[in-house]
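Source file: start-v6.cif (mmCIF, C-alpha atoms)
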data_entry
#
loop_
_atom_site.group_PDB
_atom_site.id
_atom_site.type_symbol
_atom_site.label_atom_id
_atom_site.label_comp_id
_atom_site.auth_asym_id
_atom_site.auth_seq_id
_atom_site.Cartn_x
_atom_site.Cartn_y
_atom_site.Cartn_z
ATOM 1 C CA MET I 266 20.036 -13.216 -2.710
ATOM 2 C CA SER I 267 20.436 -16.614 -1.064
ATOM 3 C CA SER I 268 19.094 -19.851 -2.491
ATOM 4 C CA GLN I 269 17.422 -22.644 -0.540
ATOM 5 C CA VAL I 270 20.724 -24.538 -0.450
ATOM 6 C CA ASP I 271 22.573 -21.401 0.781
ATOM 7 C CA ILE I 272 20.091 -21.019 3.633
ATOM 8 C CA ALA I 273 20.295 -24.713 4.525
ATOM 9 C CA ASN I 274 24.097 -24.553 4.530
ATOM 10 C CA GLN I 275 24.094 -21.494 6.803
ATOM 11 C CA ALA I 276 21.937 -23.449 9.273
ATOM 12 C CA LEU I 277 24.164 -26.526 8.967
ATOM 13 C CA MET I 278 27.230 -24.325 9.545
ATOM 14 C CA MET I 279 25.703 -23.100 12.818
ATOM 15 C CA LEU I 280 25.640 -26.753 13.887
ATOM 16 C CA GLY I 281 29.135 -27.567 12.674
ATOM 17 C CA ALA I 282 27.575 -30.054 10.236
ATOM 18 C CA SER I 283 28.725 -30.810 6.697
ATOM 19 C CA PRO I 284 27.289 -28.618 3.918
ATOM 20 C CA ILE I 285 25.119 -30.033 1.155
ATOM 21 C CA VAL I 286 25.238 -29.474 -2.595
ATOM 22 C CA SER I 287 21.562 -30.277 -3.131
ATOM 23 C CA PHE I 288 18.509 -31.224 -1.107
ATOM 24 C CA MET I 289 18.681 -34.546 -2.974
ATOM 25 C CA ASP I 290 22.191 -35.443 -1.701
ATOM 26 C CA GLU I 291 22.459 -38.880 -0.131
ATOM 27 C CA SER I 292 23.519 -37.645 3.297
ATOM 28 C CA VAL I 293 21.959 -37.434 6.733
ATOM 29 C CA GLU I 294 22.172 -33.641 6.536
ATOM 30 C CA ALA I 295 20.319 -33.446 3.213
ATOM 31 C CA GLU I 296 17.635 -35.848 4.441
ATOM 32 C CA ALA I 297 17.049 -33.747 7.574
ATOM 33 C CA VAL I 298 16.958 -30.544 5.494
ATOM 34 C CA ARG I 299 14.425 -32.075 3.063
ATOM 35 C CA VAL I 300 12.089 -32.900 5.948
ATOM 36 C CA LEU I 301 12.489 -29.748 8.069
ATOM 37 C CA TYR I 302 13.178 -26.879 5.622
ATOM 38 C CA ASN I 303 9.651 -26.014 4.420
ATOM 39 C CA PRO I 304 7.962 -26.281 7.849
ATOM 40 C CA ALA I 305 10.630 -23.986 9.346
ATOM 41 C CA LYS I 306 10.193 -21.467 6.527
ATOM 42 C CA LYS I 307 6.415 -21.404 6.887
ATOM 43 C CA GLN I 308 6.701 -21.059 10.666
ATOM 44 C CA ILE I 309 8.927 -17.990 10.299
ATOM 45 C CA LEU I 310 6.704 -16.449 7.620
ATOM 46 C CA ARG I 311 3.524 -17.021 9.668
ATOM 47 C CA SER I 312 5.111 -15.565 12.817
ATOM 48 C CA TYR I 313 4.908 -11.907 11.782
ATOM 49 C CA ASP I 314 3.513 -9.405 9.282
ATOM 50 C CA TRP I 315 6.744 -9.267 7.214
ATOM 51 C CA ASN I 316 7.016 -6.437 4.683
ATOM 52 C CA CYS I 317 9.012 -8.617 2.274
ATOM 53 C CA ALA I 318 6.360 -11.364 2.312
ATOM 54 C CA SER I 319 3.074 -9.462 2.242
ATOM 55 C CA LYS I 320 0.866 -8.586 -0.674
ATOM 56 C CA SER I 321 -2.801 -7.967 -1.468
ATOM 57 C CA ALA I 322 -5.303 -9.656 -3.745
ATOM 58 C CA THR I 323 -9.008 -9.556 -4.523
ATOM 59 C CA LEU I 324 -10.523 -12.908 -3.590
ATOM 60 C CA ALA I 325 -12.735 -15.060 -5.811
ATOM 61 C CA LEU I 326 -16.233 -15.608 -4.406
ATOM 62 C CA LEU I 327 -17.194 -19.287 -4.211
ATOM 63 C CA SER I 328 -20.701 -20.377 -5.166
ATOM 64 C CA ASP I 329 -21.428 -22.589 -2.152
ATOM 65 C CA PRO I 330 -22.179 -20.653 1.051
ATOM 66 C CA PRO I 331 -20.581 -21.394 4.428
ATOM 67 C CA ILE I 332 -22.276 -23.934 6.688
ATOM 68 C CA ASP I 333 -21.844 -21.700 9.746
ATOM 69 C CA PRO I 334 -24.666 -19.076 9.688
ATOM 70 C CA LYS I 335 -22.319 -16.501 11.252
ATOM 71 C CA TRP I 336 -20.716 -16.116 7.790
ATOM 72 C CA LYS I 337 -22.480 -15.215 4.543
ATOM 73 C CA PHE I 338 -19.790 -15.696 1.895
ATOM 74 C CA ARG I 339 -16.884 -18.033 1.082
ATOM 75 C CA PHE I 340 -13.816 -17.006 -0.900
ATOM 76 C CA SER I 341 -10.939 -18.901 -2.402
ATOM 77 C CA LEU I 342 -7.547 -17.927 -0.982
ATOM 78 C CA PRO I 343 -4.548 -17.418 -3.280
ATOM 79 C CA ASP I 344 -2.426 -20.555 -3.755
ATOM 80 C CA ASP I 345 0.613 -18.880 -2.188
ATOM 81 C CA CYS I 346 -1.253 -17.644 0.913
ATOM 82 C CA ILE I 347 0.352 -18.688 4.189
ATOM 83 C CA ARG I 348 -1.523 -16.344 6.549
ATOM 84 C CA VAL I 349 -4.331 -13.807 6.094
ATOM 85 C CA LEU I 350 -3.482 -10.528 7.826
ATOM 86 C CA GLU I 351 -6.564 -8.404 7.167
ATOM 87 C CA ILE I 352 -9.521 -8.107 4.846
ATOM 88 C CA PHE I 353 -11.228 -5.088 3.330
ATOM 89 C CA GLN I 354 -13.988 -4.401 0.863
ATOM 90 C CA ALA I 355 -12.384 -4.596 -2.583
ATOM 91 C CA THR I 356 -14.422 -1.783 -4.155
ATOM 92 C CA SER I 357 -14.361 0.703 -1.281
ATOM 93 C CA GLY I 358 -11.095 2.274 -2.395
ATOM 94 C CA THR I 359 -10.387 3.272 1.190
ATOM 95 C CA GLY I 360 -8.481 0.189 2.278
ATOM 96 C CA ALA I 361 -10.455 0.251 5.514
ATOM 97 C CA MET I 362 -10.252 -2.934 7.532
ATOM 98 C CA TRP I 363 -13.445 -4.914 7.845
ATOM 99 C CA GLY I 364 -12.208 -7.107 10.668
ATOM 100 C CA ASP I 365 -14.373 -10.186 10.925
ATOM 101 C CA PHE I 366 -13.243 -13.192 8.938
ATOM 102 C CA SER I 367 -12.301 -16.814 9.464
ATOM 103 C CA VAL I 368 -9.981 -19.053 7.509
ATOM 104 C CA GLU I 369 -11.051 -22.668 7.006
ATOM 105 C CA THR I 370 -9.256 -25.196 4.820
ATOM 106 C CA GLY I 371 -7.983 -22.856 2.141
ATOM 107 C CA THR I 372 -11.070 -20.623 2.115
ATOM 108 C CA LEU I 373 -11.924 -17.360 3.774
ATOM 109 C CA LEU I 374 -15.339 -16.784 5.365
ATOM 110 C CA ALA I 375 -16.714 -13.246 5.659
ATOM 111 C CA ARG I 376 -19.897 -11.192 5.956
ATOM 112 C CA ILE I 377 -19.223 -8.968 2.935
ATOM 113 C CA ASP I 378 -19.433 -10.126 -0.669
ATOM 114 C CA ASN I 379 -16.550 -8.251 -2.299
ATOM 115 C CA VAL I 380 -13.372 -9.040 -0.385
ATOM 116 C CA ALA I 381 -9.723 -8.254 -0.872
ATOM 117 C CA CYS I 382 -7.110 -9.272 1.632
ATOM 118 C CA ARG I 383 -3.567 -8.535 2.635
ATOM 119 C CA TYR I 384 -1.686 -11.723 3.307
ATOM 120 C CA ILE I 385 1.667 -13.364 3.894
ATOM 121 C CA TYR I 386 2.773 -15.379 0.900
ATOM 122 C CA ASP I 387 5.421 -18.029 0.318
ATOM 123 C CA VAL I 388 8.093 -15.586 -0.813
ATOM 124 C CA GLU I 389 11.045 -16.924 -2.826
ATOM 125 C CA GLU I 390 14.303 -17.111 -0.885
ATOM 126 C CA PRO I 391 16.217 -14.471 -2.931
ATOM 127 C CA ASP I 392 13.472 -11.965 -2.041
ATOM 128 C CA LEU I 393 13.688 -12.458 1.728
ATOM 129 C CA ASP I 394 14.819 -9.458 3.745
ATOM 130 C CA PRO I 395 18.330 -10.202 5.149
ATOM 131 C CA HIS I 396 17.051 -10.028 8.740
ATOM 132 C CA VAL I 397 14.165 -12.382 7.975
ATOM 133 C CA GLU I 398 16.593 -14.720 6.248
ATOM 134 C CA MET I 399 18.827 -14.841 9.321
ATOM 135 C CA ALA I 400 15.830 -15.513 11.576
ATOM 136 C CA PHE I 401 14.893 -18.358 9.235
ATOM 137 C CA VAL I 402 18.464 -19.720 9.250
ATOM 138 C CA ALA I 403 18.510 -19.703 13.049
ATOM 139 C CA ARG I 404 15.062 -21.382 13.247
ATOM 140 C CA LEU I 405 16.180 -24.060 10.790
ATOM 141 C CA ALA I 406 19.378 -24.626 12.799
ATOM 142 C CA VAL I 407 17.250 -25.179 15.916
ATOM 143 C CA ASP I 408 15.052 -27.683 14.094
ATOM 144 C CA LEU I 409 18.068 -29.523 12.651
ATOM 145 C CA SER I 410 20.119 -29.485 15.844
ATOM 146 C CA TYR I 411 18.770 -32.495 17.707
ATOM 147 C CA PRO I 412 18.317 -34.772 14.672
ATOM 148 C CA LEU I 413 21.900 -34.072 13.561
ATOM 149 C CA THR I 414 23.763 -33.653 16.865
ATOM 150 C CA ALA I 415 21.560 -35.370 19.494
ATOM 151 C CA SER I 416 22.543 -32.538 21.833
ATOM 152 C CA SER I 417 19.726 -30.901 23.766
ATOM 153 C CA SER I 418 22.131 -28.345 25.274
ATOM 154 C CA ARG I 419 23.211 -27.215 21.783
ATOM 155 C CA GLU I 420 19.541 -27.021 20.815
ATOM 156 C CA GLY I 421 18.850 -24.823 23.872
ATOM 157 C CA ASN I 422 21.678 -22.443 22.949
ATOM 158 C CA LEU I 423 20.383 -22.213 19.393
ATOM 159 C CA VAL I 424 16.858 -21.444 20.635
ATOM 160 C CA GLU I 425 18.224 -18.340 22.381
ATOM 161 C CA ILE I 426 20.020 -17.254 19.200
ATOM 162 C CA ALA I 427 16.909 -17.906 17.092
ATOM 163 C CA GLU I 428 14.720 -15.837 19.434
ATOM 164 C CA ARG I 429 17.217 -12.962 19.313
ATOM 165 C CA LYS I 430 17.407 -13.101 15.489
ATOM 166 C CA LEU I 431 13.603 -13.152 15.262
ATOM 167 C CA ASP I 432 13.324 -10.131 17.586
ATOM 168 C CA GLU I 433 15.931 -8.245 15.532
ATOM 169 C CA ALA I 434 14.089 -9.041 12.305
ATOM 170 C CA ARG I 435 10.727 -7.934 13.725
ATOM 171 C CA THR I 436 12.188 -4.696 15.062
ATOM 172 C CA THR I 437 13.885 -3.812 11.782
ATOM 173 C CA ASP I 438 10.826 -4.771 9.752
ATOM 174 C CA SER I 439 8.461 -2.718 11.924
ATOM 175 C CA GLN I 440 10.599 0.387 11.395
ATOM 176 C CA GLU I 441 9.799 0.325 7.681
ATOM 177 C CA ARG I 442 6.077 0.976 7.957
ATOM 178 C CA THR I 443 3.600 3.423 9.392
ATOM 179 C CA SER I 444 2.727 2.641 12.965
ATOM 180 C CA LYS I 445 -0.803 1.396 13.555
ATOM 181 C CA HIS I 446 -0.715 2.380 17.214
ATOM 182 C CA ILE I 447 -2.616 5.373 18.488
ATOM 183 C CA GLN I 448 -0.659 7.419 20.987
ATOM 184 C CA ILE I 449 -2.459 9.387 23.668
ATOM 185 C CA ASN I 450 -1.002 12.478 25.207
ATOM 186 C CA THR I 451 -1.397 11.517 28.874
ATOM 187 C CA LEU I 452 -1.113 15.093 30.154
ATOM 188 C CA GLN I 453 -3.806 16.316 27.809
ATOM 189 C CA HIS I 454 -5.942 13.235 28.563
ATOM 190 C CA ALA I 455 -5.618 13.890 32.324
ATOM 191 C CA ARG I 456 -7.005 17.434 31.941
ATOM 192 C CA MET I 457 -10.215 16.214 30.296
#
Output the structure of this file as structure tokens.
Amino acid sequence: MSSQVDIANQALMMLGASPIVSFMDESVEAEAVRVLYNPAKKQILRSYDWNCASKSATLALLSDPPIDPKWKFRFSLPDDCIRVLEIFQATSGTGAMWGDFSVETGTLLARIDNVACRYIYDVEEPDLDPHVEMAFVARLAVDLSYPLTASSSREGNLVEIAERKLDEARTTDSQERTSKHIQINTLQHARM
């Protein structure tokens, strides 16, 4: 249940930098956090299909059609959408993926006229999974490292930590869902 300031201070602690009380503090640390916090958060959220940051919504059909003839319909994306994961026909009730779509400037283009989508949203910090939070903290520490320490070797060390934290978060997150992979029994397949 960490706040934005808690997360920023965890990243600053990894650097050995002074903590902040608020993003509006008059310090070099707070200024760097103000600039780099949201891009780092969105990068982490866009990097994977996180359980704690995904939800579904039926999309609103827009009246003006797409310019590209490949697509027939345009839809408005939810305001909190960071990344579209999949689309499906909203009324089918099956949740079957419909595959083809394109995202352009806050709209979704598709060939079907009744679309719902599963997407990554800008989840509030207290609702982040602890592993995702730590991956975010490590990513933010990487982004803050050079502006605050001017040390490229420290930045390199933090990159390794951030990659490890991101891998741990992805592994843990993937264990809390049904696998989408189809496994083939190679012995049985060889007999065919």
Just the residues within 10 Å of Asp345 (chain I), please, counting all atoms listed in the file, with nothing from its chain fewer than 6 positions along; format it as JSON, numbers by chain.
{"I": [384, 385, 386, 387, 388]}
Which residues fall under the PyMOL selection byres ((chain I and resi 424) around 12) in this file, as a PyMOL selection string?
chain I and resi 279+400-411+417-423+425-431
Can you tell me, as lines of an AutoDock Vina configuration file, the centre and edge lengths (Å, one decimal) of the axis-aligned box enclosing all of region 391-407 of chain I's listed atoms after padding each side by 4 Å?
center_x = 16.4
center_y = -17.3
center_z = 6.5
size_x = 13.9
size_y = 23.7
size_z = 26.8
What residues come out when you apply the PyMOL selection byres ((chain I and resi 275) around 9) to this file, written as a VMD selection string?
chain I and resid 270 to 274 276 to 280 284 399 402 to 403 406
In Å, how far is it from CA of Arg376 (chain I) to CA of Phe338 (chain I)?
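Interatomic distance, CA of Arg376 (chain I) to CA of Phe338 (chain I): 6.1 Å.
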The residue from I:Ser321, I:Ser268, I:Pro412, I:Ala434 with the smallest atom-to-atom distance to Leu301 (chain I), counting all atoms listed in the file, is I:Pro412
Nearest to Ser319 (chain I) among I:Glu390, I:Arg348, I:Tyr302, I:Gln354, with distances taken over only C-alpha atoms: which residue is it?
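Going through I:Glu390, I:Arg348, I:Tyr302, I:Gln354 one by one, the smallest distance to Ser319 (chain I) is for I:Arg348.
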Kindly give the distance, in Å, that separates CA of Phe340 (chain I) and CA of Asp392 (chain I), rounded to a single decimal.
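Distance between the two atoms: 27.8 Å.
Taking CA of Val300 (chain I) and CA of Asp394 (chain I) as the two end points, the separation is 23.7 Å.
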In the coordinates of the file, take the point (-3.2, -7.0, 6.4) and a cut-off of 7 Å; then, counting all atoms listed in the file, name each qualifying protein, DNA or RNA residue as a PyMOL selection string.
chain I and resi 349-352+382-384
Can you work out which one of I:Ser439, I:Arg311, I:Leu413, I:Asp432 has the shortest atom-to-atom distance to Ser292 (chain I), counting only C-alpha atoms?
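The closest residue to Ser292 (chain I) is I:Leu413.
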Test item: residues at most 8 Å from Trp336 (chain I), all atoms listed in the file, excluding those fewer than 4 positions along its chain, as a tab-separated table (two decimals) with C-alpha atoms, in the coordinates of the input:
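What follows is the written file selection-v8.tsv:
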chain	number	residue	atom	x	y	z
I	331	PRO	CA	-20.58	-21.39	4.43
I	374	LEU	CA	-15.34	-16.78	5.36
I	375	ALA	CA	-16.71	-13.25	5.66
I	376	ARG	CA	-19.90	-11.19	5.96
When the PyMOL selection byres ((chain I and resi 325) around 8) is applied to the structure above, which residues does it catch, written out as number ranges by chain?
I: 323-324, 326-327, 340-342
